[in-house]
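Source file: data.txt; contents: compact mmCIF, C-alpha atoms (C1' of nucleotides) and all ligand atoms.
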# COMPACT_ATOMS: atom_id res chain seq x y z
CA MET A 1 0.00 0.00 0.00
CA GLU A 2 2.53 2.59 1.13
CA HIS A 3 4.71 1.40 -1.67
CA ARG A 4 2.06 2.15 -4.26
CA ILE A 5 1.25 5.52 -2.70
CA GLU A 6 4.93 6.34 -2.93
CA LYS A 7 4.96 5.42 -6.59
CA ILE A 8 1.95 7.58 -7.37
CA LYS A 9 3.54 10.42 -5.43
CA LYS A 10 6.55 10.22 -7.71
CA GLN A 11 4.36 10.21 -10.80
CA LEU A 12 2.73 13.39 -9.57
CA HIS A 13 6.06 15.01 -8.72
CA SER A 14 7.49 14.15 -12.12
CA GLN A 15 4.86 16.47 -13.61
CA SER A 16 5.35 18.94 -10.74
CA TYR A 17 2.09 18.15 -9.01
CA LYS A 18 1.94 17.67 -5.27
CA LEU A 19 0.40 14.82 -3.33
CA THR A 20 -1.77 16.97 -1.09
CA PRO A 21 -3.62 15.41 1.86
CA GLN A 22 -6.84 15.49 -0.16
CA ARG A 23 -5.22 13.77 -3.11
CA GLU A 24 -3.63 11.22 -0.84
CA ALA A 25 -6.96 10.47 0.83
CA THR A 26 -8.50 9.98 -2.59
CA VAL A 27 -5.76 7.66 -3.74
CA ARG A 28 -6.08 5.65 -0.53
CA VAL A 29 -9.78 5.17 -1.12
CA LEU A 30 -9.06 3.93 -4.62
CA LEU A 31 -6.43 1.50 -3.32
CA GLU A 32 -8.67 0.23 -0.55
CA ASN A 33 -11.43 -0.45 -3.05
CA GLU A 34 -9.37 -1.64 -5.94
CA GLU A 35 -11.75 -4.45 -6.87
CA ASP A 36 -14.72 -2.08 -7.09
CA HIS A 37 -15.59 0.38 -9.81
CA LEU A 38 -16.41 3.54 -7.95
CA SER A 39 -18.14 6.60 -9.33
CA ALA A 40 -16.90 10.06 -8.41
CA GLU A 41 -19.75 10.31 -5.93
CA ASP A 42 -18.80 6.94 -4.39
CA VAL A 43 -15.22 8.11 -4.00
CA TYR A 44 -16.37 11.39 -2.51
CA LEU A 45 -18.45 9.68 0.16
CA LEU A 46 -15.65 7.30 1.08
CA VAL A 47 -13.06 10.06 1.21
CA LYS A 48 -15.37 12.12 3.39
CA GLU A 49 -15.22 9.38 6.03
CA LYS A 50 -11.51 9.97 6.53
CA ALA A 51 -11.35 13.63 5.57
CA PRO A 52 -14.79 15.15 6.17
CA GLU A 53 -13.77 18.62 5.03
CA ILE A 54 -13.05 17.61 1.45
CA GLY A 55 -15.12 19.14 -1.35
CA LEU A 56 -16.78 17.27 -4.19
CA ALA A 57 -15.03 19.42 -6.79
CA THR A 58 -11.66 18.44 -5.39
CA VAL A 59 -12.50 14.78 -5.79
CA TYR A 60 -13.56 15.39 -9.38
CA ARG A 61 -10.39 17.34 -10.11
CA THR A 62 -8.19 14.74 -8.45
CA LEU A 63 -9.76 11.91 -10.42
CA GLU A 64 -9.32 13.93 -13.59
CA LEU A 65 -5.66 14.51 -12.77
CA LEU A 66 -5.07 10.86 -11.99
CA SER A 67 -6.68 9.96 -15.31
CA GLU A 68 -4.34 12.24 -17.19
CA LEU A 69 -1.38 10.64 -15.44
CA LYS A 70 -2.76 7.21 -16.34
CA VAL A 71 -2.90 6.22 -12.69
CA VAL A 72 -6.58 5.50 -13.09
CA ASP A 73 -8.76 4.77 -16.08
CA LYS A 74 -12.13 6.41 -16.48
CA ILE A 75 -14.68 3.92 -17.70
CA ASN A 76 -18.35 3.85 -18.42
CA PHE A 77 -20.52 0.77 -18.10
CA GLY A 78 -23.60 2.40 -19.60
CA ASP A 79 -25.32 3.65 -16.48
CA GLY A 80 -25.05 7.41 -16.52
CA VAL A 81 -21.87 7.72 -14.47
CA SER A 82 -18.14 7.55 -15.04
CA ARG A 83 -16.28 5.06 -12.95
CA PHE A 84 -12.66 5.11 -11.94
CA ASP A 85 -10.43 2.10 -12.09
CA LEU A 86 -6.87 1.96 -10.79
CA ARG A 87 -4.30 0.60 -13.20
CA LYS A 88 -3.05 -2.68 -11.77
CA GLU A 89 0.43 -2.66 -10.29
CA GLY A 90 2.92 -2.90 -13.14
CA ALA A 91 0.25 -3.26 -15.81
CA THR A 92 1.12 -2.15 -19.33
CA HIS A 93 -2.42 -2.27 -20.62
CA PHE A 94 -5.87 -1.48 -19.31
CA HIS A 95 -7.54 -4.62 -18.02
CA HIS A 96 -10.74 -6.10 -19.42
CA HIS A 97 -14.17 -6.54 -17.85
CA LEU A 98 -16.86 -9.18 -17.74
CA VAL A 99 -20.24 -7.62 -17.09
CA CYS A 100 -23.07 -9.97 -16.18
CA ILE A 101 -26.36 -8.99 -17.78
CA GLU A 102 -28.26 -11.00 -15.14
CA CYS A 103 -26.83 -9.83 -11.83
CA GLY A 104 -24.79 -6.82 -12.91
CA SER A 105 -21.55 -8.12 -11.41
CA VAL A 106 -18.31 -6.91 -12.94
CA ALA A 107 -15.28 -9.21 -13.01
CA GLU A 108 -11.82 -8.37 -14.24
CA ILE A 109 -9.38 -10.01 -16.61
CA GLU A 110 -5.80 -8.92 -16.14
CA GLU A 111 -4.35 -11.04 -18.93
CA ASP A 112 -3.82 -9.10 -22.12
CA LEU A 113 -5.41 -11.54 -24.63
CA LEU A 114 -5.35 -8.95 -27.43
CA GLY A 115 -1.78 -9.30 -28.73
CA GLU A 116 -2.83 -11.10 -31.88
CA VAL A 117 -5.79 -8.87 -32.55
CA GLU A 118 -3.81 -5.69 -32.07
CA SER A 119 -1.09 -6.62 -34.53
CA GLN A 120 -3.82 -7.51 -36.99
CA VAL A 121 -5.34 -4.07 -36.53
CA GLU A 122 -1.96 -2.41 -36.98
CA ASN A 123 -1.21 -4.40 -40.13
CA GLN A 124 -4.56 -4.46 -41.85
CA TRP A 125 -5.92 -1.06 -40.81
CA GLY A 126 -2.66 0.85 -40.39
CA PHE A 127 -3.83 2.08 -37.01
CA GLU A 128 -1.19 2.48 -34.33
CA VAL A 129 -2.75 1.02 -31.20
CA LYS A 130 -1.85 2.77 -27.96
CA ASP A 131 -4.59 1.52 -25.66
CA HIS A 132 -7.79 -0.46 -25.67
CA ARG A 133 -11.10 -0.91 -23.93
CA LEU A 134 -12.67 -4.33 -23.95
CA THR A 135 -15.82 -5.37 -22.15
CA PHE A 136 -17.71 -8.61 -22.53
CA HIS A 137 -21.38 -8.75 -21.73
CA GLY A 138 -22.86 -12.10 -20.84
CA ILE A 139 -23.76 -14.52 -18.09
CA CYS A 140 -21.42 -14.99 -15.16
CA LYS A 141 -20.59 -18.37 -13.72
CA SER A 142 -22.92 -18.17 -10.74
CA CYS A 143 -25.87 -16.95 -12.81
CA GLN A 144 -25.33 -19.87 -15.16
CA LYS A 145 -25.55 -22.27 -12.23
CA GLN A 146 -28.78 -20.69 -11.07
CA THR A 147 -30.32 -21.06 -14.50
CA VAL A 148 -29.37 -24.73 -14.64
CA ALA A 149 -30.76 -25.26 -11.14
CA ALA A 150 -34.02 -23.55 -12.07
CA THR A 151 -34.52 -25.55 -15.26
CA THR A 152 -33.82 -28.91 -13.60
CA THR A 153 -36.37 -28.20 -10.88
CA THR A 154 -39.93 -29.25 -11.66
CA HIS A 155 -41.29 -26.11 -9.98
CA MET A 156 -40.47 -23.78 -12.81
CA GLU A 157 -43.81 -22.09 -13.08
CA GLN A 158 -43.56 -18.97 -10.87
CA MET B 159 -33.13 1.69 -47.22
CA GLU B 160 -36.84 0.86 -47.44
CA HIS B 161 -35.87 -2.72 -46.98
CA ARG B 162 -34.13 -1.99 -43.71
CA ILE B 163 -36.97 0.20 -42.48
CA GLU B 164 -39.31 -2.68 -43.21
CA LYS B 165 -37.13 -5.02 -41.20
CA ILE B 166 -37.05 -2.69 -38.21
CA LYS B 167 -40.80 -2.25 -38.47
CA LYS B 168 -41.19 -6.01 -38.13
CA GLN B 169 -38.91 -6.08 -35.12
CA LEU B 170 -41.06 -3.46 -33.47
CA HIS B 171 -44.29 -5.28 -34.34
CA SER B 172 -42.96 -8.55 -32.99
CA GLN B 173 -42.88 -6.89 -29.57
CA SER B 174 -46.18 -5.12 -30.29
CA TYR B 175 -44.68 -1.70 -30.77
CA LYS B 176 -45.73 0.50 -33.64
CA LEU B 177 -43.55 2.30 -36.14
CA THR B 178 -45.05 5.75 -35.62
CA PRO B 179 -44.11 8.60 -37.96
CA GLN B 180 -41.80 9.98 -35.28
CA ARG B 181 -40.08 6.65 -34.83
CA GLU B 182 -39.75 6.22 -38.55
CA ALA B 183 -38.24 9.67 -38.94
CA THR B 184 -35.74 8.81 -36.22
CA VAL B 185 -34.80 5.53 -37.84
CA ARG B 186 -34.36 7.27 -41.20
CA VAL B 187 -31.95 9.75 -39.68
CA LEU B 188 -29.94 6.90 -38.21
CA LEU B 189 -29.85 5.10 -41.56
CA GLU B 190 -28.86 8.23 -43.45
CA ASN B 191 -26.00 8.83 -41.05
CA GLU B 192 -24.91 5.29 -40.50
CA GLU B 193 -21.20 6.07 -40.61
CA ASP B 194 -21.52 8.75 -37.93
CA HIS B 195 -21.91 8.35 -34.19
CA LEU B 196 -24.73 10.69 -33.33
CA SER B 197 -25.72 11.83 -29.87
CA ALA B 198 -29.40 12.05 -28.92
CA GLU B 199 -29.19 15.79 -29.44
CA ASP B 200 -27.64 15.29 -32.89
CA VAL B 201 -30.43 12.92 -33.84
CA TYR B 202 -33.02 15.33 -32.50
CA LEU B 203 -31.75 18.21 -34.62
CA LEU B 204 -31.62 16.07 -37.75
CA VAL B 205 -35.08 14.62 -37.18
CA LYS B 206 -36.42 18.12 -36.62
CA GLU B 207 -35.42 19.01 -40.18
CA LYS B 208 -37.86 16.49 -41.58
CA ALA B 209 -40.43 16.50 -38.77
CA PRO B 210 -40.16 19.87 -37.01
CA GLU B 211 -42.90 19.09 -34.53
CA ILE B 212 -41.06 16.22 -32.86
CA GLY B 213 -40.14 16.55 -29.21
CA LEU B 214 -36.75 15.82 -27.68
CA ALA B 215 -38.22 13.36 -25.20
CA THR B 216 -39.65 11.31 -28.04
CA VAL B 217 -36.24 11.02 -29.63
CA TYR B 218 -34.79 9.89 -26.32
CA ARG B 219 -37.55 7.33 -25.82
CA THR B 220 -37.25 6.07 -29.37
CA LEU B 221 -33.50 5.61 -29.08
CA GLU B 222 -34.00 3.82 -25.79
CA LEU B 223 -36.57 1.52 -27.41
CA LEU B 224 -34.31 0.80 -30.37
CA SER B 225 -31.53 -0.05 -27.95
CA GLU B 226 -33.69 -2.56 -26.14
CA LEU B 227 -34.57 -4.16 -29.46
CA LYS B 228 -30.86 -4.26 -30.35
CA VAL B 229 -31.50 -2.22 -33.47
CA VAL B 230 -28.98 0.31 -32.23
CA ASP B 231 -26.15 0.15 -29.73
CA LYS B 232 -25.64 2.88 -27.20
CA ILE B 233 -21.98 3.68 -26.86
CA ASN B 234 -19.87 6.12 -24.98
CA PHE B 235 -16.55 7.45 -26.18
CA GLY B 236 -15.74 9.30 -22.99
CA ASP B 237 -17.11 12.73 -23.81
CA GLY B 238 -20.17 13.26 -21.68
CA VAL B 239 -22.78 11.99 -24.14
CA SER B 240 -24.20 8.67 -25.24
CA ARG B 241 -23.98 7.95 -28.94
CA PHE B 242 -26.18 5.70 -30.97
CA ASP B 243 -24.83 3.28 -33.51
CA LEU B 244 -26.98 1.21 -35.86
CA ARG B 245 -26.20 -2.48 -35.96
CA LYS B 246 -24.82 -3.26 -39.39
CA GLU B 247 -27.11 -5.11 -41.75
CA GLY B 248 -26.97 -8.79 -40.87
CA ALA B 249 -24.33 -8.32 -38.18
CA THR B 250 -24.21 -10.87 -35.38
CA HIS B 251 -21.90 -8.88 -33.17
CA PHE B 252 -21.37 -5.25 -32.32
CA HIS B 253 -18.62 -3.75 -34.45
CA HIS B 254 -15.37 -2.35 -33.10
CA HIS B 255 -14.02 1.19 -33.14
CA LEU B 256 -10.69 2.87 -33.73
CA VAL B 257 -10.54 6.21 -31.96
CA CYS B 258 -7.68 8.52 -32.89
CA ILE B 259 -6.25 10.35 -29.89
CA GLU B 260 -4.81 13.03 -32.19
CA CYS B 261 -7.69 14.08 -34.39
CA GLY B 262 -10.62 12.42 -32.67
CA SER B 263 -11.75 10.51 -35.75
CA VAL B 264 -13.64 7.28 -35.21
CA ALA B 265 -13.28 4.43 -37.71
CA GLU B 266 -15.12 1.15 -37.69
CA ILE B 267 -14.09 -2.48 -37.93
CA GLU B 268 -16.84 -4.84 -39.00
CA GLU B 269 -14.77 -8.02 -38.86
CA ASP B 270 -15.29 -9.95 -35.66
CA LEU B 271 -11.62 -10.61 -34.73
CA LEU B 272 -12.58 -11.85 -31.25
CA GLY B 273 -13.51 -15.47 -31.94
CA GLU B 274 -10.35 -16.87 -30.36
CA VAL B 275 -10.43 -14.51 -27.42
CA GLU B 276 -14.06 -15.21 -26.65
CA SER B 277 -13.68 -18.96 -26.55
CA GLN B 278 -10.71 -18.43 -24.26
CA VAL B 279 -12.88 -16.33 -21.97
CA GLU B 280 -15.62 -18.94 -21.99
CA ASN B 281 -13.20 -21.77 -21.23
CA GLN B 282 -10.87 -20.16 -18.74
CA TRP B 283 -13.28 -17.86 -16.94
CA GLY B 284 -16.50 -19.79 -17.37
CA PHE B 285 -18.23 -16.65 -18.58
CA GLU B 286 -20.86 -17.06 -21.27
CA VAL B 287 -20.18 -14.25 -23.73
CA LYS B 288 -23.27 -12.69 -25.33
CA ASP B 289 -21.84 -9.43 -26.61
CA HIS B 290 -18.75 -7.28 -26.54
CA ARG B 291 -17.51 -3.74 -26.72
CA LEU B 292 -14.05 -3.17 -28.12
CA THR B 293 -12.43 0.18 -28.77
CA PHE B 294 -8.83 0.83 -29.68
CA HIS B 295 -7.28 4.16 -28.89
CA GLY B 296 -4.28 5.22 -30.91
CA ILE B 297 -3.03 7.11 -33.95
CA CYS B 298 -4.95 6.90 -37.20
CA LYS B 299 -3.24 6.48 -40.54
CA SER B 300 -3.46 10.11 -41.61
CA CYS B 301 -2.19 11.43 -38.29
CA GLN B 302 0.76 9.05 -38.55
CA LYS B 303 1.64 10.52 -41.95
CA GLN B 304 1.49 14.04 -40.57
CA THR B 305 3.83 13.16 -37.73
CA VAL B 306 6.33 11.66 -40.14
CA ALA B 307 6.06 14.72 -42.39
CA ALA B 308 6.64 17.03 -39.42
CA THR B 309 9.69 15.19 -38.13
CA THR B 310 11.37 15.00 -41.54
CA THR B 311 10.99 18.75 -42.04
CA THR B 312 13.84 20.88 -40.66
CA HIS B 313 11.44 23.60 -39.58
CA MET B 314 10.04 21.81 -36.59
CA GLU B 315 10.21 24.64 -34.10
CA GLN B 316 6.78 26.18 -34.51
C1' DG C 317 -69.36 6.11 -31.84
C1' DG C 318 -67.48 5.52 -27.04
C1' DG C 319 -64.11 3.77 -24.18
C1' DT C 320 -59.45 2.19 -23.60
C1' DT C 321 -54.66 2.15 -24.37
C1' DA C 322 -50.39 3.73 -26.57
C1' DT C 323 -47.81 7.59 -27.89
C1' DT C 324 -46.36 12.18 -28.11
C1' DT C 325 -45.67 16.99 -26.67
C1' DA C 326 -44.27 20.57 -23.70
C1' DT C 327 -42.18 21.37 -19.74
C1' DA C 328 -40.40 20.68 -15.14
C1' DA C 329 -37.26 18.14 -12.36
C1' DT C 330 -33.22 15.59 -11.62
C1' DT C 331 -28.53 14.34 -11.89
C1' DG C 332 -23.69 14.21 -13.03
C1' DT C 333 -20.21 17.34 -13.99
C1' DT C 334 -17.78 21.73 -14.62
C1' DA C 335 -16.87 26.69 -13.79
C1' DT C 336 -16.29 30.63 -10.64
C1' DA C 337 -14.87 33.39 -6.89
C1' DA C 338 -13.15 33.61 -2.46
C1' DT C 339 -10.06 31.39 0.84
C1' DT C 340 -6.18 28.81 2.34
C1' DA C 341 -1.74 26.53 1.83
C1' DA C 342 2.72 26.02 -0.08
C1' DT C 343 6.94 28.13 -2.17
C1' DA C 344 10.64 31.11 -3.10
C1' DG C 345 13.09 35.26 -2.84
C1' DA C 346 14.46 39.51 -0.21
C1' DT D 347 11.23 35.98 9.01
C1' DC D 348 8.34 38.79 6.07
C1' DT D 349 6.30 39.12 1.61
C1' DA D 350 4.90 38.22 -2.96
C1' DT D 351 3.49 34.68 -6.03
C1' DT D 352 1.52 30.57 -7.27
C1' DA D 353 -1.03 26.21 -6.44
C1' DA D 354 -4.80 23.99 -4.47
C1' DT D 355 -9.11 23.74 -2.15
C1' DT D 356 -13.83 24.97 -0.68
C1' DA D 357 -18.46 26.31 -1.29
C1' DT D 358 -21.59 27.22 -4.46
C1' DA D 359 -23.57 28.46 -8.84
C1' DA D 360 -24.09 27.16 -13.56
C1' DC D 361 -24.54 23.83 -17.11
C1' DA D 362 -25.82 20.10 -19.92
C1' DA D 363 -27.63 15.55 -20.57
C1' DT D 364 -31.28 12.86 -19.37
C1' DT D 365 -35.64 11.48 -17.19
C1' DA D 366 -40.26 12.23 -15.18
C1' DT D 367 -44.90 14.31 -15.31
C1' DA D 368 -49.23 15.82 -16.88
C1' DA D 369 -52.07 17.07 -20.54
C1' DA D 370 -53.19 16.34 -25.37
C1' DT D 371 -53.51 13.37 -29.42
C1' DA D 372 -53.74 9.30 -32.05
C1' DA D 373 -54.69 4.45 -32.72
C1' DC D 374 -57.41 0.45 -31.60
C1' DC D 375 -61.26 -2.45 -30.19
C1' DC D 376 -65.90 -3.58 -29.09
MN MN A 401 -11.68 -2.95 -13.44
MN MN A 402 -19.77 2.50 -35.10
ZN ZN A 403 -24.38 -12.86 -12.86
ZN ZN A 404 -6.10 10.96 -36.41

Would you mind writing the file out in structure tokens?
Amino acid sequence: MEHRIEKIKKQLHSQSYKLTPQREATVRVLLENEEDHLSAEDVYLLVKEKAPEIGLATVYRTLELLSELKVVDKINFGDGVSRFDLRKEGATHFHHHLVCIECGSVAEIEEDLLGEVESQVENQWGFEVKDHRLTFHGICKSCQKQTVAATTTTHMEQ
Amino acid sequence: MEHRIEKIKKQLHSQSYKLTPQREATVRVLLENEEDHLSAEDVYLLVKEKAPEIGLATVYRTLELLSELKVVDKINFGDGVSRFDLRKEGATHFHHHLVCIECGSVAEIEEDLLGEVESQVENQWGFEVKDHRLTFHGICKSCQKQTVAATTTTHMEQ
DNA sequence: GGGTTATTTATAATTGTTATAATTAATAGA
DNA sequence: TCTATTAATTATAACAATTATAAATAACCC
């Protein structure tokens, strides 16, 4: 944890930004909830617990800054809000997501998987790929089980 | 064109929705601007040209309805607005996008490309893939040329 | 036709996000 | 250390995209 804070601090300093207490509190919230996909409002409420005097605008500006520095990625799952996702430690690419259309759960894939596809895009379309966003929509493992269970039961009606 | 309208009309009827004049005008605008990625506001202004009495809320509701029927896909490129993208004629999957970080252009890839990756996801993660969203961010062909041209010129400084 | 339901319009309300002005904190030089 | 300058934050207003509401209109069914 401290190690990753330190790293982010250096990234800020390298662009002559400071890690202010408010920014640090925000980063800590992101680290403590790394598996989640928090909206700006979510982050704001969590930061407020440890630094009640923080303003919403500061959270927005901090998240924007962290996006520019590629510390976090801003993503959108189709509900009306932007969500903020920390880059994994040492990751060279943005990770992928599995969104369940039954239960709404969001799982992550850290493996790249797109090497082949990206060189194909570079060769056939002449597009120089710098980054990607990949989301699969479908049925998660546990929702699949539930469907099977429901269909094998005789009490399907209602 | 008429052929595709007819097809969409049937899709609506199959769920007992009607193709009202307002809905038809909206669909026509989408068909006439298939290569673009229009926001709801964009669509509204274009529909207004051929049916000036239409209301903004109707456009929003129509786009929402078409999304549910999978006639259009609602996408988000990170600016604050949702954009609406017609499914290509006969397409079984949502097409991919190449977004240029220099000039902002958006190109499309209709080829699937993800067959391998998706079976890997199904096998290794046990996730049943129903749909996908894939966007590459990078430098488009013409912006690459410009960069090369600029660096080979001796007058680089402004 | 008369009653019912679906759809649209006009408009108000809501929500996520950004801009503004005043205040506070950090920084650097005298 | 005092002072001037700049960076960052707070509180709040403004904005823009989207959704909800109520009244009007159109389509449908008996
Ligand atoms: Mn994630
Ligand atoms: Mn497209
Ligand atoms: Zn699920
Ligand atoms: Zn370009």

How close does chain A get to chain D? List, as CSV, each residue of chain A within 10 Å, its nearest atom pair and the distance in Å to one decimal, counting only C-alpha atoms (C1' of nucleotides).
residue,atom,partner,partner_atom,distance
A:Tyr17,CA,D:DA353,C1',9.0
A:Lys18,CA,D:DA353,C1',9.1
A:Thr20,CA,D:DA354,C1',8.4
A:Gln22,CA,D:DT355,C1',8.8
A:Glu53,CA,D:DT356,C1',8.5
A:Ile54,CA,D:DT356,C1',7.7
A:Gly55,CA,D:DT356,C1',6.0
A:Leu56,CA,D:DT356,C1',9.0
A:Ala57,CA,D:DT356,C1',8.3
A:Thr58,CA,D:DT355,C1',6.7
A:Gly80,CA,D:DT364,C1',8.8

Fill in: Expected answer as a PyMOL selection string: residues within 9 Å of ligand ZN 403 (chain A), all atoms listed in the file
chain A and resi 99-106+138-144

Can I get the selected residues back with C-alpha atoms, as an mmCIF file, in the coordinates of the input?
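Here's the written file result-v5.cif:
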data_model
loop_
_atom_site.group_PDB
_atom_site.id
_atom_site.type_symbol
_atom_site.label_atom_id
_atom_site.label_comp_id
_atom_site.auth_asym_id
_atom_site.auth_seq_id
_atom_site.Cartn_x
_atom_site.Cartn_y
_atom_site.Cartn_z
ATOM 1 C CA VAL A 99 -20.240 -7.620 -17.090
ATOM 2 C CA CYS A 100 -23.070 -9.970 -16.180
ATOM 3 C CA ILE A 101 -26.360 -8.990 -17.780
ATOM 4 C CA GLU A 102 -28.260 -11.000 -15.140
ATOM 5 C CA CYS A 103 -26.830 -9.830 -11.830
ATOM 6 C CA GLY A 104 -24.790 -6.820 -12.910
ATOM 7 C CA SER A 105 -21.550 -8.120 -11.410
ATOM 8 C CA VAL A 106 -18.310 -6.910 -12.940
ATOM 9 C CA GLY A 138 -22.860 -12.100 -20.840
ATOM 10 C CA ILE A 139 -23.760 -14.520 -18.090
ATOM 11 C CA CYS A 140 -21.420 -14.990 -15.160
ATOM 12 C CA LYS A 141 -20.590 -18.370 -13.720
ATOM 13 C CA SER A 142 -22.920 -18.170 -10.740
ATOM 14 C CA CYS A 143 -25.870 -16.950 -12.810
ATOM 15 C CA GLN A 144 -25.330 -19.870 -15.160
#

Item to complete: Would you mind listing what lies within 9 Å of Met159 of chain B as a ChimeraX atom specification, with all atoms listed in the file counted and same-chain residues fewer than 4 positions away left out?
Response: /B:163-164,186,189-190

Since we have the selection now, will you write its residues out, keeping C-alpha atoms, as a PDB file, in the frame of the given file?
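Wrote selection_18.pdb, looks like this:
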ATOM      1  CA  ILE B 163     -36.970   0.200 -42.480  1.00  0.00           C
ATOM      2  CA  GLU B 164     -39.310  -2.680 -43.210  1.00  0.00           C
ATOM      3  CA  ARG B 186     -34.360   7.270 -41.200  1.00  0.00           C
ATOM      4  CA  LEU B 189     -29.850   5.100 -41.560  1.00  0.00           C
ATOM      5  CA  GLU B 190     -28.860   8.230 -43.450  1.00  0.00           C
TER       6      GLU B 190
END

Discussion item. Show me which residues line ligand MN 401 (chain A), defined as having an atom within 12 Å of a ligand atom where all atoms listed in the file count, and present them as number ranges by chain.
Written reply: A: 30, 33-38, 72-77, 83-88, 93-99, 105-110, 133-135

Kindly assemble as a tab-separated table a list of the chain C residues that lie within 9 Å of chain A, each paired with its nearest atom pair and their distance in Å to one decimal, using all atoms listed in the file, sorted first by chain and then by ascending residue number.
residue	atom	partner	partner_atom	distance
C:DG332	C1'	A:Val81	CA	6.9
C:DT333	C1'	A:Tyr60	CA	8.3
C:DT334	C1'	A:Ala57	CA	8.6

Practice prompt. Could you tell me which of A:Glu49, A:Leu114, A:Ala149, A:Phe127 comes closest to ligand ZN 404 (chain A) if we count only C-alpha atoms and all ligand atoms?
Written response: A:Phe127

Listed atoms of segment 335-343 of chain C boxed along x, y and z, 5 Å each side, centre and edge lengths in Å, one decimal, as AutoDock Vina command-line options:
--center_x -5.0 --center_y 29.8 --center_z -5.7 --size_x 33.8 --size_y 17.6 --size_z 26.1

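Here the question is which of B:Lys168, B:Lys303, B:His295, B:Arg162 gets nearest to chain A using all atoms listed in the file, and that residue is B:His295.
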